[in-house]
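Encoded as structure tokens, the structure appears first; notes follow it.
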Amino acid sequence: MRFSVSRSLVLLALAAGAVVSAESGVAQMTRQTPRFLSDDPVRRDDDSAISVGELKEFELSENFDFLENTFGSPGDRTPLRAVNINTLDDVPDSSWFTNRIGAKEMPLDEIRRGPSKFERLDATEWTIVRGKGPGGFHPGFRASHPGDPKQVYQLEVDPRAYPQLATGAELIGTLIYHALGYNVVDVYPVRVDPAKIRIDKKATIRDASGTRGYRADDLDTVLRYAARDSAGRVYFSATRYEEGTDIGRFRYYGTRPDDPNDIHPHEHRRELRANRVFAAWLAHDDSRAVNTLNLLVEREGRRHVRHYMYDFGAVLGSATRFPDDVVSGHEYYFDKEASVRALASLGLALPDYLRADYPDMPPSAGFFTSVAFDPARWKANYPNPAFINMRPDDAFWGARLVSRFSDAALAAIVGEVGYDDPRAAEHLTRTLIERRDRIARVWLNGVNPLVDFTLAQDGSLTFANAAVAAGAATPASGYRLTWSRFDNEKGTHQTIGAEQRITALAASAPAEAAGAGEFVSVKVISEHPEHPAWAAPMQVYFRRTASGWKTVGLFR
């Protein structure tokens, strides 16, 4: 059975019903006894089950988004578990997210290729078909090339003094977010001789006065401040638009009322909450609703919405038109906490990040550093409802994905940019590794970090410790296991055998488990003197099948 919309609604209602008050919500969810269905654990959320009709574009004002999230409190702040996770505490595939690096070992070639339709874009001549319009901070235009005249790309430049700053960030962000599992659009680095850029006679641009014809001086404005290589070619990032109808952005809270498949409040979706982990890693302080994309697509005769992360020109210390400053990632644009702190000390007590000694960074790398980087305190440009709702289990899920990027994978991703300055590639790769490791130390140790439980037919139990495997912690001093029969209909546990104390990542179930019925469960407490969060009990469930025991539930 696939994960249907009706089942999604049932699970959402159960999750909401488990929370009786904001004060006791987490405890209530923790005490919830699971009831497993025949298809658990669900691997695919079929959120394209209902074919939708025509949907209007949702226009989102950048200024309104800032004001609403800075001075308001949109979304539901009830402290409950993410509502779109399966019984193994994972995020199923959906129109929002596809498990990639979290589900398998991705070959380097696959990581480097990312979402791209082409291995590379060999296009040296471009025809402008329209401008970007008045809302874009990053200079550029939309154009096509002779090799694919019907396909429109958005071309954006680097600032003159910072070659490959924004174009490099755009590609690296795209490749990392794709490997993580998000929908992203194709991005290609290209270099173009300005003399080979022409303007279509029908090209238009929108400015403050309305829509008019695109003129040569509009192109001159884009190129005037654009960085060029030693041959005089302009660095561009060429973003290929996906097939489908652009219907605007998605907010990080609520649902889209005209999309019947969009039933999970966005602030309670794990992949949106945990995006705070990924944004902190990449210094994606521009991670907000205006940098998302909804496309109405048709597959197998059904129309549904696919949700994209979009526009990564402002990651890795880039602000697209110039590097970020030292405050980025540490304070909101309007930060009450920072203002109160400065007022209380009369401006004399400088925070650590303003007193830190930062290294010189290559111009192509922007202001991207691991100095003074504290993942738990990292902030976007302004508040994000889903980020605010992130719980330790959401952060753990995100940190596991980050930790799966090897040093070699990160070097390969950065290498795809082809930086002219080798110092930039070295600096960005090293900083991504350092920030990855810091994220692992903070968020892999925020919960009991055990994963990958298997119970063999002979009763042999094995599992892994994600924090230890990532080098984020030393081995546990021990584990305490309590086994029980589980009655799936009544939701009751009956203890079998005595408590086990082990130091290895393996144990044997009590002999009584062989005749325990359809389900057995084990409660595990991890012990580590430096990580008190490991002591939080986790409950793991196994169902007996014709081929042996199947892991069906994991609750932290």
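Chain lettering (A, B, ...) mirrors the order of the structure tokens, residue numbering begins at 1 for each chain separately, and ligand numbering begins at 1 in order of display.
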
Next item on the list: as an MDAnalysis selection string, please: all residues of segment 102-293 of chain A that backbone DSSP puts in strand (DSSP E).
Entry: chainID A and resid 126:131 140:145 148:157 186:192 197:207 210:213 234:240 245:246 292:293

Residues within 10 Å of Leu554 of chain A, please, as a compact mmCIF listing (two decimals) with N, CA, C and O atoms, in the first residue's frame. Count only C-alpha atoms; anything in the same chain fewer than 3 positions from it doesn't count.
# COMPACT_ATOMS: atom_id res chain seq x y z
N PRO A 34 2.73 3.37 19.51
CA PRO A 34 2.49 3.23 18.08
C PRO A 34 1.52 2.10 17.78
O PRO A 34 1.33 1.17 18.57
N PRO A 41 7.43 0.24 7.44
CA PRO A 41 7.55 1.70 7.36
C PRO A 41 7.33 2.20 5.93
O PRO A 41 7.85 1.62 4.97
N ASN A 86 8.02 8.72 8.84
CA ASN A 86 7.46 7.37 8.93
C ASN A 86 7.80 6.75 10.28
O ASN A 86 8.38 7.41 11.16
N THR A 87 7.47 5.49 10.45
CA THR A 87 7.65 4.85 11.76
C THR A 87 9.11 4.57 12.09
O THR A 87 9.43 4.21 13.23
N LEU A 88 10.02 4.74 11.10
CA LEU A 88 11.45 4.59 11.38
C LEU A 88 12.11 5.94 11.60
O LEU A 88 13.34 6.04 11.57
N ASP A 89 11.32 6.98 11.81
CA ASP A 89 11.83 8.32 12.09
C ASP A 89 12.55 8.91 10.87
O ASP A 89 13.43 9.75 11.01
N ASP A 90 12.16 8.48 9.68
CA ASP A 90 12.73 8.98 8.45
C ASP A 90 11.69 9.77 7.65
O ASP A 90 10.48 9.65 7.90
N LEU A 450 21.59 6.20 18.19
CA LEU A 450 21.66 4.85 17.62
C LEU A 450 20.77 4.72 16.39
O LEU A 450 19.66 5.25 16.34
N VAL A 451 21.26 3.99 15.40
CA VAL A 451 20.56 3.85 14.12
C VAL A 451 20.79 2.43 13.58
O VAL A 451 21.56 1.65 14.13
N ASP A 452 20.11 2.13 12.47
CA ASP A 452 20.34 0.92 11.69
C ASP A 452 20.23 -0.36 12.52
O ASP A 452 21.10 -1.25 12.49
N PHE A 453 19.13 -0.50 13.23
CA PHE A 453 18.88 -1.71 14.02
C PHE A 453 18.43 -2.86 13.11
O PHE A 453 17.56 -2.69 12.25
N SER A 521 9.99 -5.75 20.94
CA SER A 521 10.51 -4.39 21.04
C SER A 521 11.68 -4.38 22.02
O SER A 521 11.74 -5.21 22.93
N VAL A 522 12.60 -3.44 21.78
CA VAL A 522 13.71 -3.27 22.71
C VAL A 522 13.86 -1.78 23.02
O VAL A 522 13.84 -0.94 22.12
N LYS A 523 13.95 -1.48 24.31
CA LYS A 523 14.24 -0.11 24.75
C LYS A 523 15.73 -0.02 25.01
O LYS A 523 16.31 -0.87 25.68
N MET A 538 15.24 5.10 23.77
CA MET A 538 14.63 4.97 22.46
C MET A 538 14.03 3.58 22.35
O MET A 538 14.54 2.62 22.95
N GLN A 539 12.92 3.47 21.66
CA GLN A 539 12.20 2.21 21.55
C GLN A 539 12.22 1.75 20.09
O GLN A 539 11.90 2.53 19.19
N VAL A 540 12.64 0.52 19.87
CA VAL A 540 12.75 -0.03 18.53
C VAL A 540 11.84 -1.26 18.43
O VAL A 540 11.77 -2.06 19.37
N TYR A 541 11.14 -1.38 17.29
CA TYR A 541 10.14 -2.44 17.13
C TYR A 541 10.50 -3.31 15.92
O TYR A 541 10.95 -2.81 14.88
N PHE A 542 10.24 -4.62 16.07
CA PHE A 542 10.50 -5.59 15.01
C PHE A 542 9.24 -6.42 14.79
O PHE A 542 8.59 -6.85 15.74
N THR A 551 12.60 -4.60 10.84
CA THR A 551 12.56 -3.40 11.69
C THR A 551 11.47 -2.48 11.18
O THR A 551 11.50 -2.05 10.03

Item checked: Test item: residues at most 7 Å from segment 498-512 of chain A, only C-alpha atoms, excluding those fewer than 4 positions along its chain, as a list of chain:residue names -> A:Gly459, A:Ser460, A:Leu461, A:Thr462, A:Phe463, A:Ala464, A:Ser477, A:Gly478, A:Tyr479, A:Arg480, A:Leu481, A:Thr482, A:Ala516

Would you put the residues from that selection into a file with all heavy atoms, as a tab-separated table (two decimals), in the first residue's frame?
chain	number	residue	atom	x	y	z
A	459	GLY	N	17.95	-14.19	16.55
A	459	GLY	CA	17.89	-13.32	17.72
A	459	GLY	C	19.08	-12.41	17.90
A	459	GLY	O	19.17	-11.70	18.90
A	460	SER	N	19.99	-12.38	16.93
A	460	SER	CA	21.16	-11.50	17.02
A	460	SER	C	20.77	-10.08	16.65
A	460	SER	O	20.25	-9.83	15.55
A	460	SER	CB	22.27	-11.99	16.08
A	460	SER	OG	22.66	-13.31	16.42
A	461	LEU	N	21.03	-9.15	17.56
A	461	LEU	CA	20.72	-7.74	17.33
A	461	LEU	C	22.01	-6.98	17.02
A	461	LEU	O	23.02	-7.15	17.71
A	461	LEU	CB	20.08	-7.13	18.58
A	461	LEU	CG	19.82	-5.61	18.53
A	461	LEU	CD1	18.64	-5.30	17.62
A	461	LEU	CD2	19.57	-5.05	19.94
A	462	THR	N	21.98	-6.16	15.97
A	462	THR	CA	23.09	-5.26	15.68
A	462	THR	C	22.54	-3.87	15.44
A	462	THR	O	21.39	-3.70	15.03
A	462	THR	CB	23.89	-5.72	14.44
A	462	THR	OG1	23.01	-5.76	13.31
A	462	THR	CG2	24.52	-7.07	14.65
A	463	PHE	N	23.38	-2.87	15.69
A	463	PHE	CA	22.98	-1.48	15.46
A	463	PHE	C	24.24	-0.65	15.30
A	463	PHE	O	25.37	-1.16	15.42
A	463	PHE	CB	22.10	-0.96	16.60
A	463	PHE	CG	22.67	-1.12	17.99
A	463	PHE	CD1	23.39	-0.10	18.59
A	463	PHE	CD2	22.49	-2.31	18.70
A	463	PHE	CE1	23.91	-0.24	19.86
A	463	PHE	CE2	22.99	-2.47	19.98
A	463	PHE	CZ	23.72	-1.43	20.56
A	464	ALA	N	24.08	0.62	15.02
A	464	ALA	CA	25.22	1.52	14.82
A	464	ALA	C	25.02	2.77	15.65
A	464	ALA	O	23.90	3.11	16.04
A	464	ALA	CB	25.38	1.87	13.34
A	477	SER	N	30.15	4.34	26.92
A	477	SER	CA	30.65	3.50	27.99
A	477	SER	C	29.80	2.24	28.15
A	477	SER	O	30.24	1.25	28.73
A	477	SER	CB	30.68	4.28	29.31
A	477	SER	OG	29.41	4.84	29.59
A	478	GLY	N	28.58	2.28	27.61
A	478	GLY	CA	27.74	1.10	27.66
A	478	GLY	C	26.34	1.38	27.15
A	478	GLY	O	25.95	2.53	26.94
A	479	TYR	N	25.59	0.29	26.94
A	479	TYR	CA	24.20	0.38	26.51
A	479	TYR	C	23.36	-0.52	27.40
A	479	TYR	O	23.78	-1.61	27.78
A	479	TYR	CB	24.05	-0.06	25.05
A	479	TYR	CG	24.90	0.73	24.08
A	479	TYR	CD1	26.13	0.22	23.64
A	479	TYR	CD2	24.49	1.96	23.59
A	479	TYR	CE1	26.92	0.93	22.74
A	479	TYR	CE2	25.27	2.68	22.70
A	479	TYR	CZ	26.49	2.16	22.28
A	479	TYR	OH	27.26	2.88	21.41
A	480	ARG	N	22.16	-0.07	27.74
A	480	ARG	CA	21.23	-0.85	28.55
A	480	ARG	C	20.01	-1.18	27.70
A	480	ARG	O	19.36	-0.29	27.14
A	480	ARG	CB	20.82	-0.07	29.79
A	480	ARG	CG	21.97	0.12	30.78
A	480	ARG	CD	21.74	1.28	31.73
A	480	ARG	NE	20.40	1.30	32.29
A	480	ARG	CZ	19.83	2.38	32.82
A	480	ARG	NH1	20.49	3.54	32.85
A	480	ARG	NH2	18.61	2.33	33.31
A	481	LEU	N	19.69	-2.46	27.61
A	481	LEU	CA	18.62	-2.94	26.76
A	481	LEU	C	17.55	-3.64	27.59
A	481	LEU	O	17.86	-4.46	28.46
A	481	LEU	CB	19.15	-3.94	25.71
A	481	LEU	CG	19.89	-3.40	24.49
A	481	LEU	CD1	21.18	-2.67	24.87
A	481	LEU	CD2	20.19	-4.55	23.51
A	482	THR	N	16.30	-3.31	27.31
A	482	THR	CA	15.16	-3.99	27.95
A	482	THR	C	14.22	-4.47	26.85
A	482	THR	O	13.72	-3.66	26.06
A	482	THR	CB	14.40	-3.04	28.89
A	482	THR	OG1	15.31	-2.50	29.87
A	482	THR	CG2	13.27	-3.78	29.58
A	516	ALA	N	7.49	-14.81	21.07
A	516	ALA	CA	6.83	-13.61	21.59
A	516	ALA	C	5.62	-13.17	20.78
A	516	ALA	O	4.89	-12.27	21.19
A	516	ALA	CB	7.83	-12.46	21.65

Checklist line | In segment 114-353 of chain A, DSSP helix (DSSP H, G or I) residues written as a ChimeraX atom specification | finding: /A:165-180,194-196,216-224,266-268,270-273,275-282,289-291,336-344,352-353

Next item on the list: May I have the residues within 8 Å of segment 308-322 of chain A as a ChimeraX atom specification, using only C-alpha atoms and disregarding those fewer than 2 positions away in the same chain?
Entry: /A:96,137-138,158-159,162,165-171,173-174,177,182-185,282-286,291-295,306,324-325,365-369,428

Next item on the list: With a distance cut-off of 10 Å and only C-alpha atoms, select the neighbouring residues of Val414 of chain A, excluding the residue or stretch itself and same-chain residues fewer than 4 positions from it, and output the selection as a PyMOL selection string.
Entry: chain A and resi 112+168-169+171-173+175-176+409-410+418-419+424-429+432

Check: From the set A:Arg355, A:Arg160, A:Lys336, A:Arg81, which residue has the shortest atom-to-atom contact distance to Asp229 of chain A, counting only C-alpha atoms?
Finding: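 Among A:Arg355, A:Arg160, A:Lys336, A:Arg81, it is A:Arg160 that comes nearest to Asp229 of chain A.
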
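Between atom CA of Tyr332 of chain A and atom CA of Thr431 of chain A the interatomic distance comes to 22.6 Å.
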
Item checked: Spatial neighbours of Asp393 of chain A, 10 Å, only C-alpha atoms, chain gap at least 4 places, as number ranges by chain -> A: 81-82, 89, 270, 274, 397-399, 443-444, 446-449, 555-556
